[in-house]
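S.K.: Here you go, this is target_37.pdb (PDB, C-alpha atoms, pLDDT in the B column).
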```pdb
ATOM      1  CA  MET I   6       0.000   0.000   0.000  1.00 70.00           C
ATOM      2  CA  ASP I   7       1.205   3.484  -0.844  1.00 90.00           C
ATOM      3  CA  HIS I   8       3.056   5.217   2.008  1.00 92.00           C
ATOM      4  CA  GLU I   9       0.870   8.353   1.674  1.00 94.00           C
ATOM      5  CA  VAL I  10      -2.278   6.267   2.064  1.00 94.00           C
ATOM      6  CA  VAL I  11      -0.920   4.536   5.171  1.00 94.00           C
ATOM      7  CA  GLN I  12       0.031   7.922   6.666  1.00 96.00           C
ATOM      8  CA  PHE I  13      -3.473   9.240   6.028  1.00 97.00           C
ATOM      9  CA  VAL I  14      -5.169   6.210   7.626  1.00 97.00           C
ATOM     10  CA  ASN I  15      -2.823   6.469  10.609  1.00 97.00           C
ATOM     11  CA  LEU I  16      -4.191   9.977  11.257  1.00 97.00           C
ATOM     12  CA  LEU I  17      -7.051   8.122  12.983  1.00 98.00           C
ATOM     13  CA  VAL I  18      -4.757   7.169  15.883  1.00 98.00           C
ATOM     14  CA  GLY I  19      -5.544   9.379  18.851  1.00 98.00           C
ATOM     15  CA  LYS I  20      -8.940  10.471  17.480  1.00 98.00           C
ATOM     16  CA  LYS I  21     -12.066   9.890  19.564  1.00 98.00           C
ATOM     17  CA  LEU I  22     -15.158   8.245  18.084  1.00 98.00           C
ATOM     18  CA  LEU I  23     -17.677  11.046  18.569  1.00 97.00           C
ATOM     19  CA  HIS I  24     -20.718   9.697  16.752  1.00 95.00           C
ATOM     20  CA  LEU I  25     -21.996   6.555  15.038  1.00 93.00           C
ATOM     21  CA  CYS I  26     -25.095   6.242  12.884  1.00 88.00           C
ATOM     22  CA  CYS I  27     -26.766   4.093  10.242  1.00 82.00           C
ATOM     23  CA  GLU I  28     -27.704   5.593   6.913  1.00 76.00           C
ATOM     24  CA  ALA I  29     -28.984   3.631   3.936  1.00 67.00           C
ATOM     25  CA  GLU I  30     -27.281   0.393   5.019  1.00 71.00           C
ATOM     26  CA  ILE I  31     -24.046   2.277   5.732  1.00 82.00           C
ATOM     27  CA  LEU I  32     -22.359   2.727   9.096  1.00 88.00           C
ATOM     28  CA  ASP I  33     -21.034   6.267   9.520  1.00 93.00           C
ATOM     29  CA  PHE I  34     -18.293   6.954  12.079  1.00 96.00           C
ATOM     30  CA  ASP I  35     -17.298  10.471  13.137  1.00 97.00           C
ATOM     31  CA  PHE I  36     -13.650  10.731  14.205  1.00 98.00           C
ATOM     32  CA  ALA I  37     -13.515  14.513  13.697  1.00 95.00           C
ATOM     33  CA  PRO I  38     -11.861  15.862  11.698  1.00 96.00           C
ATOM     34  CA  LEU I  39     -12.039  12.512   9.843  1.00 97.00           C
ATOM     35  CA  ALA I  40     -15.109  10.509   8.860  1.00 97.00           C
ATOM     36  CA  LEU I  41     -15.405   6.834   7.933  1.00 97.00           C
ATOM     37  CA  HIS I  42     -18.291   5.571   5.817  1.00 95.00           C
ATOM     38  CA  ALA I  43     -18.484   1.784   5.816  1.00 93.00           C
ATOM     39  CA  MET I  44     -20.549   0.405   2.946  1.00 87.00           C
ATOM     40  CA  GLY I  45     -19.286  -3.180   2.725  1.00 82.00           C
ATOM     41  CA  CYS I  46     -19.250  -5.893   5.341  1.00 85.00           C
ATOM     42  CA  THR I  47     -18.610  -4.019   8.575  1.00 89.00           C
ATOM     43  CA  ARG I  48     -18.775  -5.137  12.153  1.00 91.00           C
ATOM     44  CA  ILE I  49     -18.232  -3.633  15.569  1.00 94.00           C
ATOM     45  CA  ILE I  50     -16.795  -5.976  18.179  1.00 95.00           C
ATOM     46  CA  LYS I  51     -16.301  -5.539  21.915  1.00 95.00           C
ATOM     47  CA  ASN I  52     -14.470  -8.098  24.055  1.00 93.00           C
ATOM     48  CA  ASN I  53     -14.724 -10.678  21.224  1.00 90.00           C
ATOM     49  CA  ASP I  54     -18.513 -10.249  20.941  1.00 92.00           C
ATOM     50  CA  ILE I  55     -19.960  -8.898  17.681  1.00 89.00           C
ATOM     51  CA  LEU I  56     -22.254  -6.028  18.665  1.00 88.00           C
ATOM     52  CA  VAL I  57     -23.201  -4.666  15.234  1.00 87.00           C
ATOM     53  CA  THR I  58     -22.779  -5.961  11.710  1.00 82.00           C
ATOM     54  CA  THR I  59     -23.994  -4.494   8.427  1.00 76.00           C
ATOM     55  CA  LEU I  60     -25.244  -7.907   7.355  1.00 64.00           C
ATOM     56  CA  ASP I  61     -28.245  -7.448   9.681  1.00 55.00           C
ATOM     57  CA  TYR I  62     -30.420  -5.012   7.760  1.00 56.00           C
ATOM     58  CA  GLN I  63     -33.263  -7.373   6.857  1.00 60.00           C
ATOM     59  CA  SER I  64     -36.384  -5.557   8.061  1.00 63.00           C
ATOM     60  CA  TRP I  65     -38.323  -7.467  10.713  1.00 63.00           C
ATOM     61  CA  ASP I  66     -41.734  -6.244   9.494  1.00 65.00           C
ATOM     62  CA  LEU I  67     -40.773  -5.631   5.836  1.00 66.00           C
ATOM     63  CA  LYS I  68     -42.210  -2.110   6.211  1.00 72.00           C
ATOM     64  CA  GLU I  69     -39.964   0.114   8.307  1.00 68.00           C
ATOM     65  CA  SER I  70     -36.293   0.202   7.263  1.00 65.00           C
ATOM     66  CA  LYS I  71     -35.132   0.896  10.835  1.00 68.00           C
ATOM     67  CA  HIS I  72     -36.755  -2.291  12.145  1.00 64.00           C
ATOM     68  CA  ASN I  73     -33.699  -4.504  11.801  1.00 68.00           C
ATOM     69  CA  ASP I  74     -30.861  -5.934  13.890  1.00 69.00           C
ATOM     70  CA  GLU I  75     -28.329  -3.362  12.648  1.00 74.00           C
ATOM     71  CA  TRP I  76     -30.335  -0.340  13.890  1.00 76.00           C
ATOM     72  CA  TYR I  77     -31.463  -2.120  17.050  1.00 81.00           C
ATOM     73  CA  ASN I  78     -27.959  -3.196  18.083  1.00 81.00           C
ATOM     74  CA  MET I  79     -26.360   0.089  17.034  1.00 83.00           C
ATOM     75  CA  GLU I  80     -28.762   1.970  19.333  1.00 85.00           C
ATOM     76  CA  LYS I  81     -28.555  -0.657  22.111  1.00 90.00           C
ATOM     77  CA  PHE I  82     -24.729  -0.626  22.278  1.00 91.00           C
ATOM     78  CA  ASN I  83     -24.135   3.003  21.271  1.00 93.00           C
ATOM     79  CA  SER I  84     -22.958   4.085  24.727  1.00 94.00           C
ATOM     80  CA  GLU I  85     -20.439   1.221  24.859  1.00 94.00           C
ATOM     81  CA  ILE I  86     -19.021   2.114  21.440  1.00 95.00           C
ATOM     82  CA  ILE I  87     -18.939   5.928  21.454  1.00 96.00           C
ATOM     83  CA  ASN I  88     -16.112   7.971  23.010  1.00 96.00           C
ATOM     84  CA  GLY I  89     -13.423   5.343  22.532  1.00 97.00           C
ATOM     85  CA  THR I  90     -10.083   6.694  21.309  1.00 98.00           C
ATOM     86  CA  VAL I  91      -8.292   5.017  18.404  1.00 98.00           C
ATOM     87  CA  ILE I  92      -5.160   3.231  19.613  1.00 98.00           C
ATOM     88  CA  SER I  93      -4.399   1.142  16.516  1.00 98.00           C
ATOM     89  CA  VAL I  94      -5.145   0.989  12.802  1.00 98.00           C
ATOM     90  CA  GLU I  95      -4.320  -1.912  10.491  1.00 96.00           C
ATOM     91  CA  ILE I  96      -4.917  -2.425   6.779  1.00 94.00           C
ATOM     92  CA  SER I  97      -4.550  -5.924   5.369  1.00 91.00           C
ATOM     93  CA  PRO I  98      -3.054  -6.616   1.931  1.00 88.00           C
ATOM     94  CA  TYR I  99      -6.684  -6.980   0.748  1.00 86.00           C
ATOM     95  CA  HIS I 100      -7.601  -3.525   2.141  1.00 91.00           C
ATOM     96  CA  ASP I 101      -9.553  -4.824   5.139  1.00 93.00           C
ATOM     97  CA  LEU I 102      -9.518  -2.093   7.793  1.00 96.00           C
ATOM     98  CA  ARG I 103      -9.265  -2.832  11.518  1.00 98.00           C
ATOM     99  CA  ILE I 104      -9.511   0.002  14.046  1.00 98.00           C
ATOM    100  CA  GLY I 105      -8.850  -0.676  17.732  1.00 98.00           C
ATOM    101  CA  LEU I 106     -10.230   1.665  20.390  1.00 98.00           C
ATOM    102  CA  ASP I 107      -9.141   2.051  23.999  1.00 98.00           C
ATOM    103  CA  ASN I 108     -12.593   0.913  25.239  1.00 97.00           C
ATOM    104  CA  ASN I 109     -12.007  -2.638  23.875  1.00 97.00           C
ATOM    105  CA  VAL I 110     -14.057  -1.894  20.751  1.00 97.00           C
ATOM    106  CA  VAL I 111     -12.796  -3.002  17.342  1.00 98.00           C
ATOM    107  CA  ILE I 112     -14.265  -1.728  14.079  1.00 97.00           C
ATOM    108  CA  GLU I 113     -13.669  -3.963  11.065  1.00 96.00           C
ATOM    109  CA  CYS I 114     -14.380  -3.123   7.431  1.00 95.00           C
ATOM    110  CA  LEU I 115     -13.910  -6.462   5.676  1.00 90.00           C
ATOM    111  CA  ILE I 116     -13.346  -7.014   1.983  1.00 85.00           C
ATOM    112  CA  ALA I 117     -11.006 -10.013   1.329  1.00 59.00           C
ATOM    113  CA  ASN I 118     -13.081 -11.505  -1.501  1.00 61.00           C
ATOM    114  CA  ALA I 119     -16.152 -11.782   0.700  1.00 55.00           C
ATOM    115  CA  TYR I 120     -18.243  -8.993  -0.807  1.00 53.00           C
ATOM    116  CA  PRO I 121     -21.260 -10.375  -2.731  1.00 56.00           C
ATOM    117  CA  HIS I 122     -20.626  -8.145  -5.767  1.00 54.00           C
ATOM    118  CA  TYR I 123     -16.959  -9.064  -6.111  1.00 56.00           C
ATOM    119  CA  ASP I 124     -17.085  -9.118  -9.934  1.00 63.00           C
ATOM    120  CA  ASP I 125     -17.933  -5.416 -10.034  1.00 69.00           C
ATOM    121  CA  GLU I 126     -16.051  -2.581  -8.384  1.00 73.00           C
ATOM    122  CA  GLN I 127     -18.112  -1.454  -5.391  1.00 79.00           C
ATOM    123  CA  GLU I 128     -17.189   1.072  -2.703  1.00 84.00           C
ATOM    124  CA  GLN I 129     -16.417  -0.762   0.524  1.00 89.00           C
ATOM    125  CA  TRP I 130     -15.262   2.026   2.840  1.00 94.00           C
ATOM    126  CA  VAL I 131     -14.296   5.658   2.526  1.00 96.00           C
ATOM    127  CA  LEU I 132     -12.102   7.652   4.905  1.00 97.00           C
ATOM    128  CA  PHE I 133     -12.183  11.389   4.310  1.00 96.00           C
ATOM    129  CA  GLU I 134     -11.900  14.892   5.678  1.00 94.00           C
ATOM    130  CA  PRO I 135     -15.396  16.375   5.444  1.00 89.00           C
ATOM    131  CA  THR I 136     -15.331  19.897   4.018  1.00 87.00           C
ATOM    132  CA  LYS I 137     -18.142  22.084   2.694  1.00 84.00           C
ATOM    133  CA  ASP I 138     -16.505  22.307  -0.723  1.00 86.00           C
ATOM    134  CA  HIS I 139     -15.430  18.605  -0.819  1.00 79.00           C
ATOM    135  CA  SER I 140     -11.782  19.630  -1.132  1.00 84.00           C
ATOM    136  CA  GLY I 141     -10.481  17.444   1.710  1.00 89.00           C
ATOM    137  CA  THR I 142      -8.470  14.260   1.384  1.00 94.00           C
ATOM    138  CA  PHE I 143     -10.451  11.204   0.237  1.00 94.00           C
ATOM    139  CA  LEU I 144      -9.501   7.545   0.400  1.00 96.00           C
ATOM    140  CA  THR I 145     -12.053   5.354  -1.361  1.00 94.00           C
ATOM    141  CA  VAL I 146     -11.515   1.610  -1.036  1.00 93.00           C
ATOM    142  CA  TYR I 147     -13.207  -0.669  -3.533  1.00 88.00           C
ATOM    143  CA  ASN I 148     -13.337  -4.455  -3.474  1.00 81.00           C
ATOM    144  CA  LYS I 149     -10.401  -4.625  -5.908  1.00 79.00           C
ATOM    145  CA  GLY I 150      -8.530  -1.336  -5.565  1.00 85.00           C
ATOM    146  CA  ILE I 151      -8.297   2.105  -4.031  1.00 92.00           C
ATOM    147  CA  ARG I 152      -8.524   5.749  -5.078  1.00 94.00           C
ATOM    148  CA  PHE I 153      -6.674   8.365  -3.047  1.00 96.00           C
ATOM    149  CA  SER I 154      -6.952  12.094  -3.642  1.00 93.00           C
ATOM    150  CA  ARG I 155      -5.685  15.127  -1.763  1.00 87.00           C
TER
END
```
What is this structure when it is put down as C-alpha cells?
M.R.:
Amino acid sequence: MDHEVVQFVNLLVGKKLLHLCCEAEILDFDFAPLALHAMGCTRIIKNNDILVTTLDYQSWDLKESKHNDEWYNMEKFNSEIINGTVISVEISPYHDLRIGLDNNVVIECLIANAYPHYDDEQEQWVLFEPTKDHSGTFLTVYNKGIRFSR
C-alpha cells in the first residue's frame, strides 16, 4: 500500500469516536476531523462479541427500514461504542480495515473476496476529511482497488 495512504489512515490514531449512525445500510463513524463511511461488510466488536454488523439489515416487518438488527444493536450498544479513542489501525493486503479503540471496541471493514458483488467494483469504505466544498483528502476503497486524492 502506498506510504501516503498509510500515513493518512494512521491519522485516525488518537482520534475519539464522537458519533456513530446508520444511513442507507451504511455505518457512519465520526472521528472529527475525519469521517469513515463503511458500505461493505462491517462489524463492531467488543471483548470478542460482535455487537453490530452491516449484514443485519433485513427488516423485521418488511415495512420500516429501521426495524432490523443493525439499527437495534447500534442503538442498544451506542454508549459502549462511542467515546473510545483510536489506539491502533491496520490495513490488510486486501484492504480490510481494523480500528482498535481504547474501550475494547474493534471496528472492522472487511473485503477479502467476501463482498457479494466481487465481480464489479463497489465502494467498501471511505475515509475522508469532510469539508463544505469537498476539497479534503479522500480515500475510497473498492473491493479490488483504491482511489486516493488530496
S.K.: From the options I:Arg48, I:Lys137, I:Ile96, I:Leu16, which residue's atoms come nearest to Asp33 (chain I), counting all atoms listed in the file?
M.R.: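 The shortest atom-to-atom distance to Asp33 (chain I) comes from I:Arg48.
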S.K.: Rank nothing, just name the residue among I:Val57, I:Cys26, I:Val91, I:Val18 nearest to Asn78 (chain I), using all atoms listed in the file.
M.R.: I:Val57
S.K.: If you apply the PyMOL selection byres ((chain I and resi 14) around 12) to this file, what residues do you get, as a PyMOL selection string?
M.R.: chain I and resi 6-13+15-20+36+39-41+91+93-96+100+102-104+130-134+142-146+153
S.K.: Of the residues I:Leu23, I:Leu106, I:Leu56, I:Val111, which is the one nearest to Met79 (chain I), using all atoms listed in the file?
M.R.: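 Of the candidates, the smallest distance to Met79 (chain I) is held by I:Leu56.
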S.K.: What gap, in Å, lies between CA of Thr47 (chain I) and CA of Arg155 (chain I)?
M.R.: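 Rounded to one decimal, the two atoms are 25.3 Å apart.
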S.K.: If I take CA of Cys46 (chain I) and CA of Ile86 (chain I), how far is one from the other in Å, to one decimal?
M.R.: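 Result for CA of Cys46 (chain I) versus CA of Ile86 (chain I): 18.0 Å, one decimal.
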S.K.: Hey, what comes out of the PyMOL selection byres ((chain I and resi 44) around 7) on this file? Could you write it as a VMD selection string?
M.R.: chain I and resid 31 to 32 42 to 43 45 to 46 128 to 130
S.K.: Just how far from CA of Pro38 (chain I) is CA of Asn52 (chain I), in Å to one decimal?
M.R.: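 Atom-to-atom, CA of Asn52 (chain I) to CA of Pro38 (chain I), that is 27.1 Å.
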S.K.: Tell me which of I:Asn83, I:Ser97, I:Asn148, I:Ser154 sits closest to Glu113 (chain I), counting only C-alpha atoms.
M.R.: I:Ser97
S.K.: Apply the PyMOL selection byres ((chain I and resi 89) around 8) to the displayed file and report the matching residues as a PDB file with C-alpha atoms, keeping the file's coordinate frame.
M.R.:
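The result, written out as part-v7.pdb:
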```
ATOM      1  CA  LYS I  21     -12.066   9.890  19.564  1.00 98.00           C
ATOM      2  CA  LEU I  22     -15.158   8.245  18.084  1.00 98.00           C
ATOM      3  CA  ILE I  86     -19.021   2.114  21.440  1.00 95.00           C
ATOM      4  CA  ILE I  87     -18.939   5.928  21.454  1.00 96.00           C
ATOM      5  CA  ASN I  88     -16.112   7.971  23.010  1.00 96.00           C
ATOM      6  CA  THR I  90     -10.083   6.694  21.309  1.00 98.00           C
ATOM      7  CA  VAL I  91      -8.292   5.017  18.404  1.00 98.00           C
ATOM      8  CA  LEU I 106     -10.230   1.665  20.390  1.00 98.00           C
ATOM      9  CA  ASP I 107      -9.141   2.051  23.999  1.00 98.00           C
ATOM     10  CA  ASN I 108     -12.593   0.913  25.239  1.00 97.00           C
ATOM     11  CA  VAL I 110     -14.057  -1.894  20.751  1.00 97.00           C
TER      12      VAL I 110
END
```
